[in-house]
Structure formats: structure tokens, C-alpha cells
Amino acid sequence: MTLVAGVDIGSTTAKCALIEDGRIVGKSLAPVGVELVKDAERALEQALAEARRDRGEVRVVTGTGYGRFKVTFGQFTVTEIGCHAKGAHFLFPGTRLVLDIGGQDTKAIKVDPNGEVVDFAMNDKCAAGTGRFLDVCAGALGYDVSEIGALSLGARHPVKVTNTCTVFAESEVTSYVARGKDPKDILAGLYGGIVSRSLSLMQRVGVEPEVTFTGGVSKNEGMVRTLERRLALRVNVSPLSQYVGAVGAALYGLERPTGAPA
Amino acid sequence: MITCGLDLGAGTIKGALLEDGQRLLATAIGPTRGNPVDAAHRVLERMVEEVNVLPDEVDYLCTTGAARYAFPDRHLQVSDITASARGAVFLLPGTRHVVDIGSQSSRAMSVSETGRVVRFKMNEKCAAGAGRFVDRCAKYLQVPLEEMAPKALAAAHPKMISSVCAVLAETEIINNVADEIPLADILMGVFLSLAQRAYILMRNVGIQPEVALVGGLVRSEAMVRALEQTAKTPVLADPRSHHAAAIGAALLGHARLQKLGGRPALLLAASG
């Protein structure tokens with residue numbers, strides 16, 4: 001019986017997953033502030049509280065994500081690419097392609113039957129098509145990003161959002177609102193644009209089922225439906241899709257000689 | 001002969017009234033606020049009031065800028081690249097390279113002695129190299145726009161921004177604030193980052209002296225310094241260069257009017 005933890009410090013949220021005997025026994029998720037070391041510690045403490053376990057019982061802590069070096073109390077760090085591959089394979093063993101859309105970047109990761117990374121493509125230079133893009137555009141529509149998920153489902157006449165840049169797209173959304181366009185149709189237009197950008201990343205590594213969608217943006221139902229329609233495939237989305245990186249990190253810890261630093 | 005140039009930009013509308021293609025009578029500026037046509041009418045009204053002429057005494061009206069086709073009461077429209085090059089050479093004779101940083105796009109042009117565009121490069125896809133970036137930084141650093149440049153000039157160790165994206169740069173700047181980097185250093189980093197983006201366009205076109213900056217940032221000494229430092233060349237800036245494209249449009253209108261040999265009887269309402 002080995003209890004391991006993965007802590008995923010993203011640009012927007014900190015996630016933690018606790019795994020024991022092939023089961024997820026605890027998890028936590030909270031927004032990050034400016035003190036990432038404290039955010040990382042809090043993520044672990046909260047997951048331990050949920051699992052009713054003590055810090056001393058955790059054999060290995062593995063950090064991942066953009067702020068993985070802030071997981072100063074961990075034994076290892078692993079890139080989020082590897083963790084998303086491993087985590088997606090754990091939740092959906094048939095996964096061959098992972099699409100991860102986080103707060104600040106988008107990745108398409110091709111994985112082998114063992115959950116190892118074969119190839120990946122990434123956009124981390126620009127906020128276009130990321131969670132941040134959705135945040136900003138939801139704001140321009142007068143919504144919080146958590147409220148817009150199912151809103152686009154009844155869209156009849158999606159608008160065309162021509163701008164890629166988040167800043168310009170925000171103005172475009174504002175001008176559509178001013179012209180009286182239905183928020184449903186505007187959102188459907190935005191999702192279409194994000195999915196197009198994601199597809200070009202996915203095509204760079206090769207689209208092969210099963211496709212697993214991870215990261216905060218996978219919580220958005222409208223995005224999932226748009227992606228499925230464009231791929232003409234069912235897409236795996238776990239209720240734990242935001243924790244996939246943390247789950248993968250925890251699993252990496254199991255592969256290490258117990259407790260011994262690399 | 002009085003000609004008018006109106007530059008209908010994404011952020012602001014600029015106007016210029018010109019007499020005989022030589023004397024600048026008036027300039028005006030107003031925010032676009034999503035309605036370029038109404039805003040342009042207001043700018044025109046302010047200028048004719050200022051110089052005390054009747055609107056009817058304006059012989060020719062030429063528009064430029066992103067919304068140049070939207071303004072119905074025009075005789076002619078010209079591209080903003082053509083117009084701002086012509087205006088820059090009028091204001092700053094000797095200019096052979098023009099950098100124009102607008103609210104939503106930026107461009108670099110090499111120009112002939114007479115202000116004709118020889119080569120140009122443009123970025124209109126992304127806010128990273130555009131003036132909007134400065135507006136946004138002012139907003140989330142809570143520094144009034146007009147105080148940004150004076151404050152930035154006090155920078156001892158400017159903090160460069162590594163993000164290419166204007167949105168991701170915000171996160172980076174917030175982290176810099178959290179790391180207690182002095183405000184002046186962060187602000188100068190904003191201007192240097194914008195200068196870096198402009199320099200990529202400038203290098204692509206080929207830099208030759210004199211280099212002139214036009215657009216809204218000409219009044220920002222920090223921007224001029226940042227550009228000089230980045231491009232390693234002196235940069236001319238005239239406060240009136242904010243109106244370079246409007247002035248250029250008025251000049252091009254005058255040239256067309258002379259070619260026509262007289263004032264056209266009717267405005268070509270919405271036909272251009």
C-alpha cells in the first residue's frame with residue numbers, strides 16, 4: 001500500500017491528486033495566487049484533508065505544470081506533457097491522443113498503448129484558443145467562464161469570429177453584442193475558432209482514436225460538442241478532467257524507488 | 001483650396017484641415033467608441049469651427065484608416081499606409097523610414113523623398129505590437145495613460161517582458177509586481193517590448209535614416225527612447241505626427257483635386 005501525490009501548478013489553478021493501490025483517494029483544486037509555493041502546499045493539504053490522511057503517510061510527491069518548480073516539498077518534477085499522457089491513459093486506457101487546453105496553453109499529445117508520449121505539439125506563445133481566451137470572451141458577454149458551458153448548445157446561426165488574437169476577439173465579441181447578436185451564436189462562433197486552432201495542433205501529431213480531452217476548458221460542454229462534431233468522433237472527458245496532470249504526476253511517483261530523490 | 005483628411009482608426013478618429021496642400025489649418029482627435037462615422041463627423045465639425053470656415057468651404061475630403069469606407073461624405077479614400085507615409089514626410093522632411101504604431105495594428109515603411117511607399121511590413125493579427133497593449137497595461141497597473149511615459153523614464157533596470165502575447169504579458173507583469181520590481185522598470189519594459197515588436201517589422205523593411213515615428217505614441221517620450229535604443233538609430237517624433245495619416249490624406253486629396261482641375265460638384269456619397 002503506497003500513497004503517492006501529484007501536485008499540478010497551472011497558470012490558473014493548483015490541483016492535487018492522491019493515489020493509493022490504483023485508486024484516486026483524494027483531490028483538491030484551487031485558484032493560484034502569486035505565492036505559488038504556498039498554493040502548492042495548500043493543494044496537498046486539502047487533498048489530504050479530503051482523504052483523511054496525514055502528510056507523513058505520503059511516500060512520494062511529484063510536481064508538474066508550469067509552476068512545478070514551486071512544489072519545493074516534492075521529490076521529483078515531471079513535465080506536464082508526460083503527466084497528461086500518463087493520467088489520460090490511467091482514466092481511459094484506450095487513449096491515443098490527448099488534447100489538453102489549460103489556462104495559458106494548448107497541447108496535443110500522441111501516446112502509445114502504455115501511456116508513454118510519442119509526439120506532441122503545443123501553443124504556449126499566445127493566449128488564442130486557451131482558457132484565458134474563453135475567460136476574456138465570456139467577460140465581454142457579461143458571463144463568468146463557469147456559466148457559459150451549456151449556453152451555446154442551442155445556437156442556430158453561429159457568428160464568424162475572424163480575430164485570432166484574444167484582445168481583438170474581445171472587441172469583436174463586444175461589437176457583436178452591440179449589434180444585438182444572441183450570446184449563444186457568439187459563443188458557438190468562439191468555440192468554432194478555438195476548435196479549429198486545436199485541430200491544427202492535433203493534426204500535427206496525427207489524430208487517432210481514442211481522443212481524451214483534458215484541462216479546464218474540457219469542463220465546457222459546448223467546447224466538447226464542437227470538438228466531437230469537427231472530429232466526427234466521440235471524445236473521452238472524465239469528471240476528473242482537470243486533475244489529469246496531477247493524476248499522471250502521482251503515478252510517476254510510483255515508478256520511482258520509494259522516497260529516494262532522483 | 002481647403003482639403004480635409006479624416007483618419008478613421010480603431011481607437012481614435014483623427015482629422016486635419018489643409019490649405020492649398022501646404023498649410024496645416026487645424027487638427028482634431030476624438031475616440032471612436034465603436035461608431036467611427038459619428039465620431040468622424042464630430043471631429044470634422046470641431047475643425048471647421050476652430051478655423052471658422054463653413055463645412056461647405058471644404059473643397060475635398062479624403063478618408064483613410066480601417067473604417068475609411070464607412071464614411072459616406074467623402075470624395076476619395078486612401079490606404080493608411082499611403083497616407084501616413086505622406087503625412088510623415090510632410091511633417092518631418094528627410095524621413096525615409098516610417099514606423100506607425102496604431103491602436104490595433106502597426107507597420108513599418110520605407111519611403112521615397114516625396115513620401116511614396118517603397119516597401120512595408122504590417123502586423124494586424126495580434127495586439128502584442130499595437131498601441132492597445134499600452135492601454136491595457138496602463139489599466140491593470142492603474143497608472144493613468146498620460147503618466148506612463150514620464151514614470152517609465154525613471155527606470156533604472158527596465159524589466160523586459162518575455163511573453164510575445166499581450167494577454168500572457170499581463171500575467172507576467174502581475175508576477176513582476178508581486179516580485180516587487182519597481183513600477184518604473186515594469187513600465188519601461190512595456191515600451192521596450194513594444195519597440196522590440198516594431199523593430200522586427202522595421203528590420204524586415206530595411207532601416208534607413210531619417211526614421212520617424214507616427215501614431216498616438218509619438219507624444220510618449222519613453223516610447224521614442226525605447227525605439228531609439230532598440231533600433232539603435234535616432235527617431236524623429238513630432239507631436240503632430242499623431243495626425244500623420246489624416247494630414248497625408250488631406251495632402252493626397254489636394255493632389256487629386258488639382259488633377260481634377262476643380263472642385264467636384266457633388267460628394268460621391270457612399271459610392272467609393
# chains A, B, ... in the order shown; residues from 1 in each chain; ligands from 1
>>> select_by_dssp(residues="segment 78-260 of chain A", states="helix (DSSP H, G or I)", output="PyMOL selection string")
chain A and resi 80-91+131-141+145-147+151-154+166-178+183-205+216-219+221-231+241-254
>>> closest_atom_pairs(of="chain B", to="chain A", cutoff="8 Å", atoms="only C-alpha atoms", output="Markdown table")
| residue | atom | partner | partner_atom | distance |
| --- | --- | --- | --- | --- |
| B:Gly34 | CA | A:Ser175 | CA | 7.3 |
| B:Gln104 | CA | A:Phe168 | CA | 7.7 |
| B:Lys125 | CA | A:Cys165 | CA | 6.5 |
| B:Cys126 | CA | A:Cys165 | CA | 5.0 |
| B:Ala127 | CA | A:Val167 | CA | 6.2 |
| B:Ser163 | CA | A:Lys125 | CA | 7.0 |
| B:Val164 | CA | A:Lys125 | CA | 6.3 |
| B:Cys165 | CA | A:Cys126 | CA | 4.9 |
| B:Ala166 | CA | A:Val167 | CA | 7.6 |
| B:Val167 | CA | A:Ala127 | CA | 6.2 |
| B:Leu168 | CA | A:Ala127 | CA | 6.3 |
| B:Asn175 | CA | A:Val34 | CA | 6.6 |
| B:Ala178 | CA | A:Val34 | CA | 6.4 |
>>> residues_around(residues="segment 112-116 of chain B", least_positions_apart="2", cutoff="6 Å", atoms="only C-alpha atoms", output="compact mmCIF listing (two decimals) with N, CA and C atoms, in the first residue's frame")
# COMPACT_ATOMS: atom_id res chain seq x y z
N ALA B 85 2.60 57.63 -44.57
CA ALA B 85 3.92 57.90 -45.15
C ALA B 85 3.97 59.33 -45.68
N ARG B 86 2.91 59.70 -46.41
CA ARG B 86 2.88 61.04 -46.99
C ARG B 86 2.86 62.12 -45.91
N VAL B 89 6.35 62.55 -44.10
CA VAL B 89 7.35 63.30 -44.88
C VAL B 89 6.99 64.79 -44.92
>>> residues_around(residues="Met223 of chain B", least_positions_apart="6", cutoff="8 Å", atoms="only C-alpha atoms", output="NGL selection string")
:B and (149 or 191-192 or 195 or 217)
>>> residues_around(residues="Thr233 of chain B", least_positions_apart="4", cutoff="12 Å", atoms="only C-alpha atoms", output="ChimeraX atom specification")
/B:97,199,202-203,207-213,224-229
>>> write_last_selection(atoms="N, CA and C atoms", output="PDB file, in the first residue's frame")
ATOM      1  N   HIS B  97      12.029  56.458 -43.492  1.00  0.00           N
ATOM      2  CA  HIS B  97      11.512  55.232 -42.882  1.00  0.00           C
ATOM      3  C   HIS B  97      10.465  55.650 -41.849  1.00  0.00           C
ATOM      4  N   TYR B 199      10.534  46.803 -34.080  1.00  0.00           N
ATOM      5  CA  TYR B 199      11.863  46.649 -34.678  1.00  0.00           C
ATOM      6  C   TYR B 199      11.892  45.466 -35.644  1.00  0.00           C
ATOM      7  N   MET B 202      10.545  46.779 -38.746  1.00  0.00           N
ATOM      8  CA  MET B 202      11.477  47.761 -39.319  1.00  0.00           C
ATOM      9  C   MET B 202      12.636  47.067 -40.028  1.00  0.00           C
ATOM     10  N   ARG B 203      13.175  46.044 -39.359  1.00  0.00           N
ATOM     11  CA  ARG B 203      14.322  45.318 -39.900  1.00  0.00           C
ATOM     12  C   ARG B 203      13.953  44.615 -41.195  1.00  0.00           C
ATOM     13  N   ILE B 207      16.087  49.505 -42.514  1.00  0.00           N
ATOM     14  CA  ILE B 207      16.069  50.811 -41.853  1.00  0.00           C
ATOM     15  C   ILE B 207      17.038  51.750 -42.553  1.00  0.00           C
ATOM     16  N   GLN B 208      16.547  52.930 -42.912  1.00  0.00           N
ATOM     17  CA  GLN B 208      17.477  53.958 -43.398  1.00  0.00           C
ATOM     18  C   GLN B 208      17.055  55.304 -42.813  1.00  0.00           C
ATOM     19  N   PRO B 209      18.014  56.158 -42.474  1.00  0.00           N
ATOM     20  CA  PRO B 209      17.650  57.433 -41.850  1.00  0.00           C
ATOM     21  C   PRO B 209      16.997  58.368 -42.880  1.00  0.00           C
ATOM     22  N   GLU B 210      16.193  59.333 -42.451  1.00  0.00           N
ATOM     23  CA  GLU B 210      15.753  59.510 -41.089  1.00  0.00           C
ATOM     24  C   GLU B 210      14.578  58.582 -40.779  1.00  0.00           C
ATOM     25  N   VAL B 211      14.532  58.123 -39.509  1.00  0.00           N
ATOM     26  CA  VAL B 211      13.419  57.285 -39.079  1.00  0.00           C
ATOM     27  C   VAL B 211      12.431  58.159 -38.327  1.00  0.00           C
ATOM     28  N   ALA B 212      11.151  58.068 -38.679  1.00  0.00           N
ATOM     29  CA  ALA B 212      10.128  58.859 -37.991  1.00  0.00           C
ATOM     30  C   ALA B 212       9.086  57.937 -37.377  1.00  0.00           C
ATOM     31  N   LEU B 213       8.687  58.270 -36.153  1.00  0.00           N
ATOM     32  CA  LEU B 213       7.595  57.549 -35.503  1.00  0.00           C
ATOM     33  C   LEU B 213       6.316  58.356 -35.688  1.00  0.00           C
ATOM     34  N   VAL B 224       9.621  56.777 -27.671  1.00  0.00           N
ATOM     35  CA  VAL B 224      10.643  57.230 -28.618  1.00  0.00           C
ATOM     36  C   VAL B 224      12.017  56.725 -28.174  1.00  0.00           C
ATOM     37  N   ARG B 225      12.301  56.877 -26.883  1.00  0.00           N
ATOM     38  CA  ARG B 225      13.590  56.406 -26.357  1.00  0.00           C
ATOM     39  C   ARG B 225      13.735  54.892 -26.534  1.00  0.00           C
ATOM     40  N   ALA B 226      12.652  54.175 -26.222  1.00  0.00           N
ATOM     41  CA  ALA B 226      12.698  52.710 -26.320  1.00  0.00           C
ATOM     42  C   ALA B 226      12.991  52.289 -27.753  1.00  0.00           C
ATOM     43  N   LEU B 227      12.380  52.993 -28.693  1.00  0.00           N
ATOM     44  CA  LEU B 227      12.573  52.653 -30.099  1.00  0.00           C
ATOM     45  C   LEU B 227      14.004  52.996 -30.540  1.00  0.00           C
ATOM     46  N   GLU B 228      14.500  54.131 -30.083  1.00  0.00           N
ATOM     47  CA  GLU B 228      15.875  54.522 -30.434  1.00  0.00           C
ATOM     48  C   GLU B 228      16.875  53.507 -29.899  1.00  0.00           C
ATOM     49  N   GLN B 229      16.619  53.086 -28.657  1.00  0.00           N
ATOM     50  CA  GLN B 229      17.517  52.148 -28.008  1.00  0.00           C
ATOM     51  C   GLN B 229      17.483  50.783 -28.705  1.00  0.00           C
TER      52      GLN B 229
END
>>> residues_around(residues="Gly87 of chain B", least_positions_apart="2", cutoff="6 Å", atoms="only C-alpha atoms", output="ChimeraX atom specification")
/B:84-85,89-90,244-245,247-248
>>> closest_residue(among="A:Phe120, A:Phe76, A:Phe92, A:Phe69", to="Val205 of chain A", atoms="only C-alpha atoms")
A:Phe120
>>> residues_around(residues="Asp56 of chain B", least_positions_apart="2", cutoff="12 Å", atoms="only C-alpha atoms", output="NGL selection string")
:B and (1-4 or 44-45 or 48 or 52-54 or 58-61 or 73 or 263 or 265-267)
>>> write_last_selection(atoms="C-alpha atoms", output="PDB file, in the first residue's frame")
ATOM      1  CA  MET B   1      -8.385  75.429 -51.568  1.00  0.00           C
ATOM      2  CA  ILE B   2      -9.158  73.619 -48.338  1.00  0.00           C
ATOM      3  CA  THR B   3      -8.849  69.861 -48.162  1.00  0.00           C
ATOM      4  CA  CYS B   4      -9.750  67.628 -45.252  1.00  0.00           C
ATOM      5  CA  LEU B  44     -14.823  67.410 -38.771  1.00  0.00           C
ATOM      6  CA  GLU B  45     -17.257  69.787 -37.050  1.00  0.00           C
ATOM      7  CA  VAL B  48     -14.330  73.742 -39.219  1.00  0.00           C
ATOM      8  CA  ASN B  52     -14.113  79.454 -38.754  1.00  0.00           C
ATOM      9  CA  VAL B  53     -14.948  78.112 -42.185  1.00  0.00           C
ATOM     10  CA  LEU B  54     -18.269  76.719 -43.331  1.00  0.00           C
ATOM     11  CA  VAL B  58     -14.080  72.291 -47.521  1.00  0.00           C
ATOM     12  CA  ASP B  59     -13.305  71.568 -51.167  1.00  0.00           C
ATOM     13  CA  TYR B  60     -12.314  67.967 -50.940  1.00  0.00           C
ATOM     14  CA  LEU B  61     -12.488  65.262 -48.303  1.00  0.00           C
ATOM     15  CA  ASP B  73     -19.483  62.036 -47.349  1.00  0.00           C
ATOM     16  CA  ARG B 263     -13.881  71.048 -57.166  1.00  0.00           C
ATOM     17  CA  ALA B 265     -19.798  69.214 -57.959  1.00  0.00           C
ATOM     18  CA  LEU B 266     -21.057  66.553 -55.604  1.00  0.00           C
ATOM     19  CA  LEU B 267     -19.694  64.457 -52.844  1.00  0.00           C
TER      20      LEU B 267
END
>>> select_by_dssp(residues="segment 24-106 of chain B", states="strand (DSSP E)", output="compact mmCIF listing (two decimals) with N, CA and C atoms, in the first residue's frame")
# COMPACT_ATOMS: atom_id res chain seq x y z
N LEU B 24 -1.07 73.72 -42.64
CA LEU B 24 -1.95 72.96 -41.77
C LEU B 24 -2.81 73.93 -40.98
N LEU B 25 -4.14 73.90 -41.23
CA LEU B 25 -5.02 74.86 -40.56
C LEU B 25 -5.47 74.36 -39.19
N ALA B 26 -5.79 73.09 -39.12
CA ALA B 26 -6.32 72.56 -37.85
C ALA B 26 -6.17 71.05 -37.83
N THR B 27 -6.09 70.54 -36.62
CA THR B 27 -6.17 69.09 -36.42
C THR B 27 -7.14 68.84 -35.26
N ALA B 28 -7.72 67.65 -35.23
CA ALA B 28 -8.60 67.29 -34.11
C ALA B 28 -8.58 65.79 -33.94
N ILE B 29 -8.99 65.36 -32.76
CA ILE B 29 -8.99 63.93 -32.46
C ILE B 29 -10.16 63.62 -31.53
N GLY B 30 -10.73 62.43 -31.69
CA GLY B 30 -11.81 62.00 -30.79
C GLY B 30 -11.86 60.49 -30.73
N PRO B 31 -12.39 59.94 -29.63
CA PRO B 31 -12.44 58.47 -29.51
C PRO B 31 -13.46 57.85 -30.48
N TYR B 60 -12.54 69.38 -50.62
CA TYR B 60 -12.31 67.97 -50.94
C TYR B 60 -12.07 67.22 -49.65
N LEU B 61 -12.65 66.03 -49.54
CA LEU B 61 -12.49 65.26 -48.30
C LEU B 61 -12.00 63.85 -48.63
N CYS B 62 -10.90 63.49 -48.00
CA CYS B 62 -10.30 62.18 -48.25
C CYS B 62 -10.21 61.41 -46.94
N THR B 63 -10.68 60.16 -46.93
CA THR B 63 -10.63 59.36 -45.70
C THR B 63 -9.51 58.33 -45.79
N THR B 64 -9.10 57.89 -44.62
CA THR B 64 -8.13 56.80 -44.53
C THR B 64 -8.40 56.03 -43.23
N LEU B 76 -12.82 60.64 -51.70
CA LEU B 76 -11.75 59.70 -52.01
C LEU B 76 -11.38 58.98 -50.72
N GLN B 77 -10.86 57.75 -50.86
CA GLN B 77 -10.26 57.11 -49.70
C GLN B 77 -8.91 56.54 -50.12
N HIS B 97 12.03 56.46 -43.49
CA HIS B 97 11.51 55.23 -42.88
C HIS B 97 10.47 55.65 -41.85
N VAL B 98 9.27 55.10 -41.96
CA VAL B 98 8.18 55.49 -41.07
C VAL B 98 7.74 54.29 -40.25
N VAL B 99 7.65 54.47 -38.93
CA VAL B 99 7.09 53.45 -38.05
C VAL B 99 5.77 54.00 -37.54
N ASP B 100 4.70 53.27 -37.80
CA ASP B 100 3.37 53.74 -37.41
C ASP B 100 2.77 52.73 -36.44
N ILE B 101 2.64 53.11 -35.18
CA ILE B 101 2.05 52.21 -34.19
C ILE B 101 0.65 52.69 -33.88
N SER B 106 0.28 47.73 -36.40
CA SER B 106 1.48 48.55 -36.51
C SER B 106 2.16 48.21 -37.82
>>> atom_distance(atom1="atom CA of Leu29 of chain A", atom2="atom CA of Lys15 of chain A")
4.5 Å
>>> atom_distance(atom1="atom CA of Gly248 of chain A", atom2="atom CA of Lys86 of chain A")
4.8 Å
>>> closest_residue(among="A:Leu251, A:Leu233, A:Ala47, A:Val173", to="Gly139 of chain A", atoms="only C-alpha atoms")
A:Val173
>>> atom_distance(atom1="atom CA of Gly56 of chain A", atom2="atom CA of Leu3 of chain A")
10.0 Å
